[in-house]
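So this one's my_file_12.pdb, PDB, C-alpha atoms:
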ATOM      1  CA  MET M  29       6.407   4.531 -18.753  1.00  0.00           C
ATOM      2  CA  VAL M  30       3.903   1.684 -18.783  1.00  0.00           C
ATOM      3  CA  SER M  31       3.176   0.050 -15.449  1.00  0.00           C
ATOM      4  CA  VAL M  32       3.880  -3.644 -15.141  1.00  0.00           C
ATOM      5  CA  ILE M  33       1.231  -5.542 -13.242  1.00  0.00           C
ATOM      6  CA  THR M  34       1.280  -9.269 -12.857  1.00  0.00           C
ATOM      7  CA  VAL M  35      -1.129 -10.942 -10.500  1.00  0.00           C
ATOM      8  CA  SER M  36      -1.842 -14.585  -9.915  1.00  0.00           C
ATOM      9  CA  ALA M  37      -4.887 -15.068  -7.735  1.00  0.00           C
ATOM     10  CA  GLN M  38      -8.607 -15.417  -7.870  1.00  0.00           C
ATOM     11  CA  ASN M  39     -10.856 -12.372  -7.644  1.00  0.00           C
ATOM     12  CA  SER M  40     -12.243 -13.330  -4.253  1.00  0.00           C
ATOM     13  CA  VAL M  41     -12.012 -11.694  -0.872  1.00  0.00           C
ATOM     14  CA  LEU M  42      -8.985 -12.896   1.061  1.00  0.00           C
ATOM     15  CA  GLU M  43      -9.566 -14.053   4.599  1.00  0.00           C
ATOM     16  CA  ILE M  44      -7.212 -14.642   7.489  1.00  0.00           C
ATOM     17  CA  GLY M  45      -5.324 -17.889   6.835  1.00  0.00           C
ATOM     18  CA  ASP M  46      -5.521 -17.591   3.033  1.00  0.00           C
ATOM     19  CA  ALA M  47      -2.381 -17.481   0.919  1.00  0.00           C
ATOM     20  CA  ALA M  48      -1.610 -13.963  -0.269  1.00  0.00           C
ATOM     21  CA  PRO M  49      -1.538 -13.572  -4.049  1.00  0.00           C
ATOM     22  CA  ASP M  50       1.720 -13.126  -5.932  1.00  0.00           C
ATOM     23  CA  PHE M  51       1.939  -9.731  -7.613  1.00  0.00           C
ATOM     24  CA  GLU M  52       4.306  -7.356  -9.362  1.00  0.00           C
ATOM     25  CA  ALA M  53       3.957  -3.629  -9.951  1.00  0.00           C
ATOM     26  CA  MET M  54       5.955  -0.506 -10.637  1.00  0.00           C
ATOM     27  CA  THR M  55       7.249   1.548  -7.721  1.00  0.00           C
ATOM     28  CA  ALA M  56       7.297   5.325  -7.347  1.00  0.00           C
ATOM     29  CA  GLU M  57      10.861   5.141  -8.670  1.00  0.00           C
ATOM     30  CA  GLY M  58       9.731   3.323 -11.825  1.00  0.00           C
ATOM     31  CA  GLU M  59      11.248  -0.012 -10.815  1.00  0.00           C
ATOM     32  CA  LYS M  60       9.514  -3.381 -10.823  1.00  0.00           C
ATOM     33  CA  TRP M  61       8.613  -4.683  -7.341  1.00  0.00           C
ATOM     34  CA  SER M  62       7.688  -8.330  -6.873  1.00  0.00           C
ATOM     35  CA  SER M  63       5.975  -9.873  -3.866  1.00  0.00           C
ATOM     36  CA  SER M  64       7.808 -13.146  -4.494  1.00  0.00           C
ATOM     37  CA  ASN M  65      11.141 -11.353  -3.977  1.00  0.00           C
ATOM     38  CA  ASN M  66      10.002  -9.713  -0.736  1.00  0.00           C
ATOM     39  CA  ILE M  67       7.335 -11.661   1.107  1.00  0.00           C
ATOM     40  CA  GLY M  68       8.927 -14.392   3.177  1.00  0.00           C
ATOM     41  CA  GLU M  69      11.881 -12.319   4.311  1.00  0.00           C
ATOM     42  CA  SER M  70       9.781 -10.251   6.718  1.00  0.00           C
ATOM     43  CA  ILE M  71       6.265  -9.857   7.940  1.00  0.00           C
ATOM     44  CA  PHE M  72       4.644  -7.669   5.302  1.00  0.00           C
ATOM     45  CA  VAL M  73       2.061  -4.950   5.788  1.00  0.00           C
ATOM     46  CA  VAL M  74       0.199  -4.384   2.517  1.00  0.00           C
ATOM     47  CA  TYR M  75      -2.114  -1.431   2.637  1.00  0.00           C
ATOM     48  CA  PHE M  76      -4.414  -0.179  -0.097  1.00  0.00           C
ATOM     49  CA  TYR M  77      -5.361   3.498  -0.179  1.00  0.00           C
ATOM     50  CA  PRO M  78      -7.683   5.510  -2.442  1.00  0.00           C
ATOM     51  CA  ALA M  79      -5.532   8.366  -3.796  1.00  0.00           C
ATOM     52  CA  ALA M  80      -2.113   9.916  -3.332  1.00  0.00           C
ATOM     53  CA  MET M  81      -1.944  13.492  -2.053  1.00  0.00           C
ATOM     54  CA  THR M  82      -5.357  13.448  -0.346  1.00  0.00           C
ATOM     55  CA  GLY M  83      -5.916  14.115   3.349  1.00  0.00           C
ATOM     56  CA  GLY M  84      -6.610  10.636   4.705  1.00  0.00           C
ATOM     57  CA  CYS M  85      -4.076   8.931   2.458  1.00  0.00           C
ATOM     58  CA  THR M  86      -1.379  11.411   3.442  1.00  0.00           C
ATOM     59  CA  ALA M  87      -2.143  10.942   7.147  1.00  0.00           C
ATOM     60  CA  GLN M  88      -2.004   7.164   6.736  1.00  0.00           C
ATOM     61  CA  ALA M  89       1.256   7.187   4.759  1.00  0.00           C
ATOM     62  CA  CYS M  90       2.936   9.646   7.130  1.00  0.00           C
ATOM     63  CA  SER M  91       1.915   7.518  10.102  1.00  0.00           C
ATOM     64  CA  PHE M  92       3.576   4.466   8.523  1.00  0.00           C
ATOM     65  CA  ARG M  93       6.617   6.653   7.749  1.00  0.00           C
ATOM     66  CA  ASP M  94       6.834   7.918  11.326  1.00  0.00           C
ATOM     67  CA  ASN M  95       6.421   4.436  12.819  1.00  0.00           C
ATOM     68  CA  ARG M  96       8.753   2.636  10.422  1.00  0.00           C
ATOM     69  CA  SER M  97      11.462   2.004  13.033  1.00  0.00           C
ATOM     70  CA  GLN M  98       8.915   0.311  15.336  1.00  0.00           C
ATOM     71  CA  LEU M  99       7.698  -1.811  12.436  1.00  0.00           C
ATOM     72  CA  LEU M 100      11.251  -2.784  11.481  1.00  0.00           C
ATOM     73  CA  ASP M 101      11.960  -3.700  15.112  1.00  0.00           C
ATOM     74  CA  LEU M 102       8.979  -6.070  14.891  1.00  0.00           C
ATOM     75  CA  GLY M 103      10.361  -7.607  11.675  1.00  0.00           C
ATOM     76  CA  ALA M 104       7.779  -5.920   9.446  1.00  0.00           C
ATOM     77  CA  GLU M 105       8.059  -4.097   6.146  1.00  0.00           C
ATOM     78  CA  VAL M 106       5.351  -1.889   4.611  1.00  0.00           C
ATOM     79  CA  VAL M 107       4.163  -1.412   1.050  1.00  0.00           C
ATOM     80  CA  GLY M 108       1.364   0.958  -0.009  1.00  0.00           C
ATOM     81  CA  ILE M 109      -0.724   0.286  -3.130  1.00  0.00           C
ATOM     82  CA  SER M 110      -3.112   2.558  -5.020  1.00  0.00           C
ATOM     83  CA  GLY M 111      -4.538   3.102  -8.485  1.00  0.00           C
ATOM     84  CA  ASP M 112      -2.284   6.138  -8.922  1.00  0.00           C
ATOM     85  CA  GLU M 113       0.095   6.407 -11.849  1.00  0.00           C
ATOM     86  CA  VAL M 114       3.816   6.051 -11.112  1.00  0.00           C
ATOM     87  CA  ASN M 115       4.369   9.807 -11.432  1.00  0.00           C
ATOM     88  CA  ASN M 116       1.683  10.497  -8.799  1.00  0.00           C
ATOM     89  CA  LEU M 117       3.449   8.113  -6.447  1.00  0.00           C
ATOM     90  CA  ARG M 118       6.786   9.802  -7.110  1.00  0.00           C
ATOM     91  CA  VAL M 119       5.268  13.187  -6.195  1.00  0.00           C
ATOM     92  CA  PHE M 120       3.512  11.739  -3.131  1.00  0.00           C
ATOM     93  CA  LYS M 121       6.639   9.979  -1.880  1.00  0.00           C
ATOM     94  CA  HIS M 122       8.882  13.025  -2.423  1.00  0.00           C
ATOM     95  CA  THR M 123       6.444  15.556  -0.942  1.00  0.00           C
ATOM     96  CA  ASN M 124       5.955  13.512   2.234  1.00  0.00           C
ATOM     97  CA  ASN M 125       9.443  11.963   2.550  1.00  0.00           C
ATOM     98  CA  LEU M 126       7.960   8.467   2.572  1.00  0.00           C
ATOM     99  CA  ASN M 127      10.456   5.740   3.430  1.00  0.00           C
ATOM    100  CA  PHE M 128       8.761   2.607   2.092  1.00  0.00           C
ATOM    101  CA  PRO M 129       7.671   1.362  -1.352  1.00  0.00           C
ATOM    102  CA  LEU M 130       4.546   2.703  -3.042  1.00  0.00           C
ATOM    103  CA  LEU M 131       3.151   0.579  -5.870  1.00  0.00           C
ATOM    104  CA  SER M 132       1.061   1.606  -8.844  1.00  0.00           C
ATOM    105  CA  ASP M 133      -2.000  -0.583  -9.530  1.00  0.00           C
ATOM    106  CA  PRO M 134      -3.617   1.430 -12.352  1.00  0.00           C
ATOM    107  CA  GLU M 135      -6.068  -1.293 -13.387  1.00  0.00           C
ATOM    108  CA  GLY M 136      -6.903  -2.381  -9.845  1.00  0.00           C
ATOM    109  CA  SER M 137      -5.826  -5.964 -10.509  1.00  0.00           C
ATOM    110  CA  ILE M 138      -3.731  -6.273  -7.338  1.00  0.00           C
ATOM    111  CA  ALA M 139      -6.528  -4.789  -5.237  1.00  0.00           C
ATOM    112  CA  ARG M 140      -9.051  -7.176  -6.794  1.00  0.00           C
ATOM    113  CA  SER M 141      -6.751 -10.154  -6.114  1.00  0.00           C
ATOM    114  CA  PHE M 142      -6.952  -9.238  -2.410  1.00  0.00           C
ATOM    115  CA  GLY M 143     -10.721  -8.695  -2.664  1.00  0.00           C
ATOM    116  CA  VAL M 144     -10.430  -4.936  -2.164  1.00  0.00           C
ATOM    117  CA  PRO M 145     -13.324  -3.019  -3.773  1.00  0.00           C
ATOM    118  CA  VAL M 146     -12.335  -0.945  -6.803  1.00  0.00           C
ATOM    119  CA  ARG M 147     -14.286   1.906  -8.393  1.00  0.00           C
ATOM    120  CA  ASP M 148     -13.658   4.540 -11.038  1.00  0.00           C
ATOM    121  CA  GLY M 149     -10.611   6.756 -10.733  1.00  0.00           C
ATOM    122  CA  GLY M 150     -10.366  10.491 -10.875  1.00  0.00           C
ATOM    123  CA  MET M 151      -8.105  13.490 -11.036  1.00  0.00           C
ATOM    124  CA  ILE M 152      -6.998  16.015  -8.436  1.00  0.00           C
ATOM    125  CA  THR M 153      -4.795  19.075  -8.705  1.00  0.00           C
ATOM    126  CA  ARG M 154      -2.285  19.921  -6.007  1.00  0.00           C
ATOM    127  CA  GLU M 155       0.399  22.562  -5.627  1.00  0.00           C
ATOM    128  CA  VAL M 156       3.795  20.912  -5.274  1.00  0.00           C
ATOM    129  CA  ASP M 157       6.998  22.933  -5.015  1.00  0.00           C
ATOM    130  CA  GLY M 158       5.113  26.014  -6.216  1.00  0.00           C
ATOM    131  CA  GLU M 159       3.659  24.326  -9.326  1.00  0.00           C
ATOM    132  CA  GLU M 160       0.189  22.971 -10.073  1.00  0.00           C
ATOM    133  CA  VAL M 161       0.354  19.205 -10.618  1.00  0.00           C
ATOM    134  CA  GLU M 162      -2.477  17.067 -12.013  1.00  0.00           C
ATOM    135  CA  LEU M 163      -2.643  13.641 -10.427  1.00  0.00           C
ATOM    136  CA  ARG M 164      -4.723  11.118 -12.372  1.00  0.00           C
ATOM    137  CA  ARG M 165      -5.701   7.599 -11.461  1.00  0.00           C
ATOM    138  CA  THR M 166      -7.751   5.167 -13.507  1.00  0.00           C
ATOM    139  CA  VAL M 167      -9.154   3.373 -10.438  1.00  0.00           C
ATOM    140  CA  THR M 168      -9.777   4.185  -6.800  1.00  0.00           C
ATOM    141  CA  THR M 169      -9.464   1.400  -4.244  1.00  0.00           C
ATOM    142  CA  SER M 170     -11.025   1.132  -0.833  1.00  0.00           C
ATOM    143  CA  ARG M 171      -8.780   1.581   2.197  1.00  0.00           C
ATOM    144  CA  TRP M 172      -7.927  -1.927   3.428  1.00  0.00           C
ATOM    145  CA  THR M 173      -4.865  -3.226   5.289  1.00  0.00           C
ATOM    146  CA  PHE M 174      -3.401  -6.736   5.440  1.00  0.00           C
ATOM    147  CA  ILE M 175      -0.549  -8.290   7.383  1.00  0.00           C
ATOM    148  CA  ILE M 176       1.119 -11.176   5.570  1.00  0.00           C
ATOM    149  CA  GLY M 177       3.270 -13.625   7.505  1.00  0.00           C
ATOM    150  CA  ARG M 178       6.653 -14.923   6.451  1.00  0.00           C
ATOM    151  CA  ASP M 179       4.887 -18.056   5.197  1.00  0.00           C
ATOM    152  CA  GLY M 180       2.833 -15.951   2.773  1.00  0.00           C
ATOM    153  CA  THR M 181      -0.499 -16.290   4.564  1.00  0.00           C
ATOM    154  CA  VAL M 182      -2.815 -13.498   5.609  1.00  0.00           C
ATOM    155  CA  LEU M 183      -2.507 -12.985   9.381  1.00  0.00           C
ATOM    156  CA  TYR M 184      -4.605  -9.819   9.723  1.00  0.00           C
ATOM    157  CA  LYS M 185      -7.164  -7.947   7.687  1.00  0.00           C
ATOM    158  CA  ASP M 186      -8.807  -4.584   8.345  1.00  0.00           C
ATOM    159  CA  THR M 187     -11.584  -3.459   5.999  1.00  0.00           C
ATOM    160  CA  GLU M 188     -12.623  -0.486   8.142  1.00  0.00           C
ATOM    161  CA  VAL M 189      -9.278   1.270   8.410  1.00  0.00           C
ATOM    162  CA  ASP M 190      -8.868   4.465  10.393  1.00  0.00           C
ATOM    163  CA  ALA M 191      -6.339   6.212   8.134  1.00  0.00           C
ATOM    164  CA  GLU M 192      -4.580   8.159  10.853  1.00  0.00           C
ATOM    165  CA  GLY M 193      -4.429   5.245  13.300  1.00  0.00           C
ATOM    166  CA  ASP M 194      -3.655   2.447  10.839  1.00  0.00           C
ATOM    167  CA  SER M 195       0.039   2.076  11.630  1.00  0.00           C
ATOM    168  CA  GLU M 196      -0.652   1.932  15.377  1.00  0.00           C
ATOM    169  CA  ALA M 197      -3.340  -0.720  14.843  1.00  0.00           C
ATOM    170  CA  VAL M 198      -0.912  -2.712  12.695  1.00  0.00           C
ATOM    171  CA  ILE M 199       1.860  -2.443  15.307  1.00  0.00           C
ATOM    172  CA  ALA M 200      -0.526  -3.672  18.016  1.00  0.00           C
ATOM    173  CA  ALA M 201      -1.679  -6.554  15.802  1.00  0.00           C
ATOM    174  CA  ILE M 202       1.888  -7.615  14.985  1.00  0.00           C
ATOM    175  CA  ARG M 203       2.808  -7.538  18.667  1.00  0.00           C
ATOM    176  CA  GLN M 204      -0.181  -9.729  19.484  1.00  0.00           C
ATOM    177  CA  LEU M 205       0.488 -12.100  16.558  1.00  0.00           C
ATOM    178  CA  THR M 206       4.162 -12.554  17.436  1.00  0.00           C
ATOM    179  CA  GLN M 207       3.457 -13.252  21.121  1.00  0.00           C
ATOM    180  CA  ASN M 208       1.607 -16.448  20.233  1.00  0.00           C
TER
END

How would this structure read if it were set down as structure tokens?
Amino acid sequence: MVSVITVSAQNSVLEIGDAAPDFEAMTAEGEKWSSSNNIGESIFVVYFYPAAMTGGCTAQACSFRDNRSQLLDLGAEVVGISGDEVNNLRVFKHTNNLNFPLLSDPEGSIARSFGVPVRDGGMITREVDGEEVELRRTVTTSRWTFIIGRDGTVLYKDTEVDAEGDSEAVIAAIRQLTQN
């Protein structure tokens, strides 16, 4: 299946207060996900990660999974984006019981629209359910996290993300942002 990516934004680094770009991509389930159908309903956490099924990315994703109820209580939804192919995301989501959307950005166009650095992809092999699985990605993004308000503007940006502590940092930031 071919990934659908539509992005409308400049290739510049987003700053707090900027409007988040509109984008569409394929989910781990092979369905089209559109920011315009989701952002505005909730506060949105958009996090970019380098590669599915790697140590830091798994720790980060599992932390968002484990803290999802706290995020929902704060009115926030999460979406993770990487250069992984849809099948990689399906494996990653299933293996780790992830409970939020993962989006495939195989050309890095969504990452670039947020200003996230993109470099060449790669391939890793992992054992999943007793079988060797090759996971390929055409690009690798840096690990950056954004919080987008209901009005579509960037409220928070972290370019030096601690993978394991990202969800806690996001929860603290949302609490602070919603107290004002």

Just how far from atom CA of Asn116 of chain M is atom CA of Val41 of chain M, in Å to one decimal? 27.3 Å

Selection dump of the PyMOL selection byres ((chain M and resi 64-71) around 10), as a list in words: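 Selection result, ordered by chain and number: Ala48, Pro49, Asp50, Phe51, Glu52, Trp61, Ser62, Ser63, Phe72, Val73, Val74, Leu99, Leu100, Leu102, Gly103, Ala104, Glu105, Val106, Ile175, Ile176, Gly177, Arg178, Asp179, Gly180, Thr181, Leu183 and Ile202 of chain M.
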
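Atom pair atom CA of Ala139 of chain M / atom CA of Gly193 of chain M: separated by 21.2 Å.
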
Got a sec: who's within 12 Å of Phe142 of chain M, counting all atoms listed in the file, leaving out chain neighbours fewer than 2 positions off, as a PyMOL selection string? chain M and resi 35-44+46-51+74-76+109+136-140+144-146+169-176+181-182+185-187

For Thr166 of chain M, which residue among M:Glu188, M:Asp112, M:Glu57, M:Glu196 is the nearest when counting all atoms listed in the file?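 That would be M:Asp112, the residue with the smallest distance to Thr166 of chain M.
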
Answer as a PDB file with C-alpha atoms, in the frame of the given file, residues within 8 Å of (-5.1, 5.8, 8.0) using all atoms listed in the file:
ATOM      1  CA  GLY M  84      -6.610  10.636   4.705  1.00  0.00           C
ATOM      2  CA  CYS M  85      -4.076   8.931   2.458  1.00  0.00           C
ATOM      3  CA  ALA M  87      -2.143  10.942   7.147  1.00  0.00           C
ATOM      4  CA  GLN M  88      -2.004   7.164   6.736  1.00  0.00           C
ATOM      5  CA  ALA M  89       1.256   7.187   4.759  1.00  0.00           C
ATOM      6  CA  SER M  91       1.915   7.518  10.102  1.00  0.00           C
ATOM      7  CA  VAL M 189      -9.278   1.270   8.410  1.00  0.00           C
ATOM      8  CA  ASP M 190      -8.868   4.465  10.393  1.00  0.00           C
ATOM      9  CA  ALA M 191      -6.339   6.212   8.134  1.00  0.00           C
ATOM     10  CA  GLU M 192      -4.580   8.159  10.853  1.00  0.00           C
ATOM     11  CA  GLY M 193      -4.429   5.245  13.300  1.00  0.00           C
ATOM     12  CA  ASP M 194      -3.655   2.447  10.839  1.00  0.00           C
ATOM     13  CA  SER M 195       0.039   2.076  11.630  1.00  0.00           C
TER      14      SER M 195
END
